[in-house]
Amino acid sequence: MQNDIANITAASVDTLGALLAQIADLTKQADAIKDAIKDSASNGGAKSVEGSLFKATYTETNRCVFDKDAFIKAFGAEAYAKYTKTTAVFAVKVTSLLEANMKTLNNLLATRPWVAHIDDERNEGNSIIVTLAEGWYFADETDCGVRGFDTVSEVKRDTSRNAVIQR
């Protein structure tokens with residue numbers, strides 16, 4: 001698709017400006033959340049936080065940087081190691097949980113015969129609904145065979161063989 005400068009109108013430029021302003025606002029919000037995750041994780045908090053649709057994972061690595069100016073002054077291959085700086089690098093990676101969650105939930109259905117059905121309704125504002133097979137119940141609620149969960153981690157934990165009973 002070719003951009004034609006003649007088709008650019010004042011309204012197009014205003015729309016672009018408004019979009020860029022929205023992006024800037026959203027970036028500020030995202031950066032504030034990432035900073036809070038970094039601060040919490042670097043002070044001993046959780047390194048991974050799972051929402052309904054996304055998972056944020058904090059990682060910390062060291063980065064070695066070549067100091068070009070110092071190398072040029074010293075000039076020599078052995079100077080590379082002498083003038084290498086190591087600094088801490090922090091990052092927050094956000095990934096969609098939809099595909100990974102689907103694989104995990106399908107794997108649970110295939111490997112846990114006491115689980116009859118799993119319905120992930122979180123994109124509709126609901127929960128992950130787990131229905132146990134006939135005659136199976138949750139161990140902590142022995143008259144209950146259907147339960148809603150907020151995260152896949154909870155489903156994995158609360159549908160393990162130790163968390164269910166057969167009557």
# chains A, B, ... in the order shown; residues from 1 in each chain; ligands from 1
>>> select_by_dssp(residues="chain A", states="strand (DSSP E or B)", output="VMD selection string")
chain A and resid 48 to 50 54 to 66 84 to 96 115 to 120 128 to 132 136 to 138 141 146 to 149 164 to 166
>>> write_last_selection(atoms="N, CA and C atoms", output="compact mmCIF listing (two decimals), in the first residue's frame")
# COMPACT_ATOMS: atom_id res chain seq x y z
N SER A 48 6.87 -13.95 39.05
CA SER A 48 5.89 -14.19 38.00
C SER A 48 4.50 -13.90 38.57
N VAL A 49 3.72 -13.14 37.83
CA VAL A 49 2.37 -12.80 38.27
C VAL A 49 1.42 -13.17 37.15
N GLU A 50 0.42 -13.97 37.46
CA GLU A 50 -0.52 -14.47 36.45
C GLU A 50 -1.86 -13.79 36.61
N PHE A 54 -3.07 -12.79 30.85
CA PHE A 54 -1.66 -12.57 30.62
C PHE A 54 -0.85 -12.95 31.85
N LYS A 55 0.41 -13.21 31.61
CA LYS A 55 1.35 -13.53 32.67
C LYS A 55 2.54 -12.59 32.52
N ALA A 56 2.95 -11.97 33.60
CA ALA A 56 4.12 -11.09 33.60
C ALA A 56 5.23 -11.80 34.36
N THR A 57 6.40 -11.91 33.74
CA THR A 57 7.54 -12.59 34.35
C THR A 57 8.72 -11.63 34.44
N TYR A 58 9.25 -11.49 35.63
CA TYR A 58 10.40 -10.63 35.88
C TYR A 58 11.67 -11.44 35.68
N THR A 59 12.61 -10.91 34.93
CA THR A 59 13.90 -11.55 34.79
C THR A 59 14.99 -10.54 35.10
N GLU A 60 16.10 -11.04 35.55
CA GLU A 60 17.23 -10.19 35.89
C GLU A 60 18.49 -10.83 35.31
N THR A 61 19.22 -10.08 34.52
CA THR A 61 20.46 -10.59 33.94
C THR A 61 21.52 -9.51 34.01
N ASN A 62 22.73 -9.90 33.77
CA ASN A 62 23.82 -8.95 33.69
C ASN A 62 24.17 -8.72 32.23
N ARG A 63 24.51 -7.50 31.91
CA ARG A 63 24.88 -7.14 30.55
C ARG A 63 26.31 -6.63 30.55
N CYS A 64 27.12 -7.20 29.68
CA CYS A 64 28.50 -6.73 29.49
C CYS A 64 28.50 -5.77 28.31
N VAL A 65 29.11 -4.60 28.49
CA VAL A 65 29.12 -3.57 27.46
C VAL A 65 30.56 -3.25 27.11
N PHE A 66 30.84 -3.23 25.82
CA PHE A 66 32.18 -2.89 25.35
C PHE A 66 32.34 -1.38 25.39
N THR A 84 35.79 -4.06 29.75
CA THR A 84 34.40 -4.51 29.67
C THR A 84 33.70 -4.17 30.98
N LYS A 85 32.53 -3.56 30.87
CA LYS A 85 31.73 -3.21 32.05
C LYS A 85 30.58 -4.20 32.18
N THR A 86 30.24 -4.58 33.40
CA THR A 86 29.09 -5.44 33.64
C THR A 86 28.07 -4.64 34.44
N THR A 87 26.85 -4.61 33.92
CA THR A 87 25.78 -3.89 34.60
C THR A 87 24.55 -4.79 34.70
N ALA A 88 23.76 -4.55 35.69
CA ALA A 88 22.53 -5.32 35.88
C ALA A 88 21.48 -4.86 34.87
N VAL A 89 20.73 -5.82 34.34
CA VAL A 89 19.65 -5.53 33.40
C VAL A 89 18.38 -6.19 33.94
N PHE A 90 17.30 -5.44 33.97
CA PHE A 90 16.04 -5.94 34.46
C PHE A 90 15.00 -5.86 33.35
N ALA A 91 14.12 -6.82 33.29
CA ALA A 91 13.09 -6.81 32.25
C ALA A 91 11.82 -7.46 32.77
N VAL A 92 10.71 -7.06 32.23
CA VAL A 92 9.43 -7.70 32.49
C VAL A 92 8.88 -8.14 31.13
N LYS A 93 8.66 -9.42 30.97
CA LYS A 93 8.13 -9.96 29.72
C LYS A 93 6.67 -10.30 29.94
N VAL A 94 5.83 -9.82 29.06
CA VAL A 94 4.39 -10.10 29.14
C VAL A 94 4.02 -10.99 27.96
N THR A 95 3.42 -12.13 28.26
CA THR A 95 3.05 -13.07 27.21
C THR A 95 1.58 -13.44 27.35
N SER A 96 0.97 -13.75 26.25
CA SER A 96 -0.43 -14.18 26.27
C SER A 96 -0.49 -15.58 26.87
N VAL A 115 -11.20 -35.70 35.79
CA VAL A 115 -11.68 -34.41 35.28
C VAL A 115 -12.47 -34.68 34.00
N ALA A 116 -13.77 -34.36 34.04
CA ALA A 116 -14.64 -34.64 32.89
C ALA A 116 -14.64 -33.49 31.88
N HIS A 117 -14.59 -32.25 32.38
CA HIS A 117 -14.71 -31.12 31.47
C HIS A 117 -14.06 -29.88 32.08
N ILE A 118 -13.42 -29.08 31.22
CA ILE A 118 -12.87 -27.79 31.64
C ILE A 118 -13.35 -26.75 30.64
N ASP A 119 -13.94 -25.69 31.14
CA ASP A 119 -14.43 -24.62 30.29
C ASP A 119 -13.83 -23.30 30.76
N ASP A 120 -12.92 -22.74 29.95
CA ASP A 120 -12.27 -21.48 30.30
C ASP A 120 -13.14 -20.33 29.81
N ILE A 128 -12.55 -20.26 35.16
CA ILE A 128 -12.30 -21.55 34.51
C ILE A 128 -13.18 -22.55 35.27
N ILE A 129 -14.16 -23.12 34.60
CA ILE A 129 -15.11 -24.03 35.25
C ILE A 129 -14.63 -25.46 35.04
N VAL A 130 -14.41 -26.17 36.15
CA VAL A 130 -13.97 -27.56 36.09
C VAL A 130 -15.10 -28.45 36.60
N THR A 131 -15.45 -29.45 35.79
CA THR A 131 -16.44 -30.44 36.18
C THR A 131 -15.73 -31.77 36.33
N LEU A 132 -15.83 -32.36 37.52
CA LEU A 132 -15.21 -33.66 37.75
C LEU A 132 -16.11 -34.76 37.21
N TRP A 136 -16.73 -38.32 41.43
CA TRP A 136 -15.53 -37.62 41.92
C TRP A 136 -15.94 -36.27 42.52
N TYR A 137 -15.22 -35.89 43.60
CA TYR A 137 -15.53 -34.66 44.31
C TYR A 137 -14.23 -34.01 44.78
N PHE A 138 -14.30 -32.73 45.05
CA PHE A 138 -13.13 -32.03 45.60
C PHE A 138 -12.98 -32.43 47.07
N GLU A 141 -14.32 -30.22 49.75
CA GLU A 141 -15.75 -29.94 49.66
C GLU A 141 -16.40 -31.18 49.06
N VAL A 146 -18.13 -29.57 40.86
CA VAL A 146 -17.95 -28.49 39.89
C VAL A 146 -17.42 -27.28 40.66
N ARG A 147 -16.38 -26.65 40.09
CA ARG A 147 -15.79 -25.50 40.78
C ARG A 147 -15.22 -24.52 39.76
N GLY A 148 -15.27 -23.24 40.11
CA GLY A 148 -14.66 -22.19 39.30
C GLY A 148 -13.30 -21.81 39.84
N PHE A 149 -12.37 -21.53 38.95
CA PHE A 149 -11.01 -21.15 39.32
C PHE A 149 -10.61 -19.88 38.58
N VAL A 164 -8.66 -34.49 45.09
CA VAL A 164 -9.99 -35.01 44.76
C VAL A 164 -10.19 -36.38 45.42
N ILE A 165 -11.46 -36.71 45.58
CA ILE A 165 -11.79 -38.03 46.15
C ILE A 165 -12.84 -38.69 45.28
N GLN A 166 -12.88 -40.02 45.37
CA GLN A 166 -13.90 -40.78 44.63
C GLN A 166 -14.81 -41.44 45.65
>>> residues_around(residues="A:Arg122", least_positions_apart="5", cutoff="9 Å", atoms="only C-alpha atoms", output="ChimeraX atom specification")
/A:52-53,127-128,150
>>> write_last_selection(atoms="C-alpha atoms", output="PDB file, in the first residue's frame")
ATOM      1  CA  SER A  52      -6.688 -14.047  33.740  1.00  0.00           C
ATOM      2  CA  LEU A  53      -5.321 -13.521  30.236  1.00  0.00           C
ATOM      3  CA  SER A 127     -13.859 -18.339  35.701  1.00  0.00           C
ATOM      4  CA  ILE A 128     -12.301 -21.554  34.514  1.00  0.00           C
ATOM      5  CA  ASP A 150      -9.285 -17.853  38.570  1.00  0.00           C
TER       6      ASP A 150
END
>>> select_by_dssp(residues="stretch 62-133 of chain A", states="helix (DSSP H, G or I)", output="ChimeraX atom specification")
/A:68-74,79-82,98-111,122-124
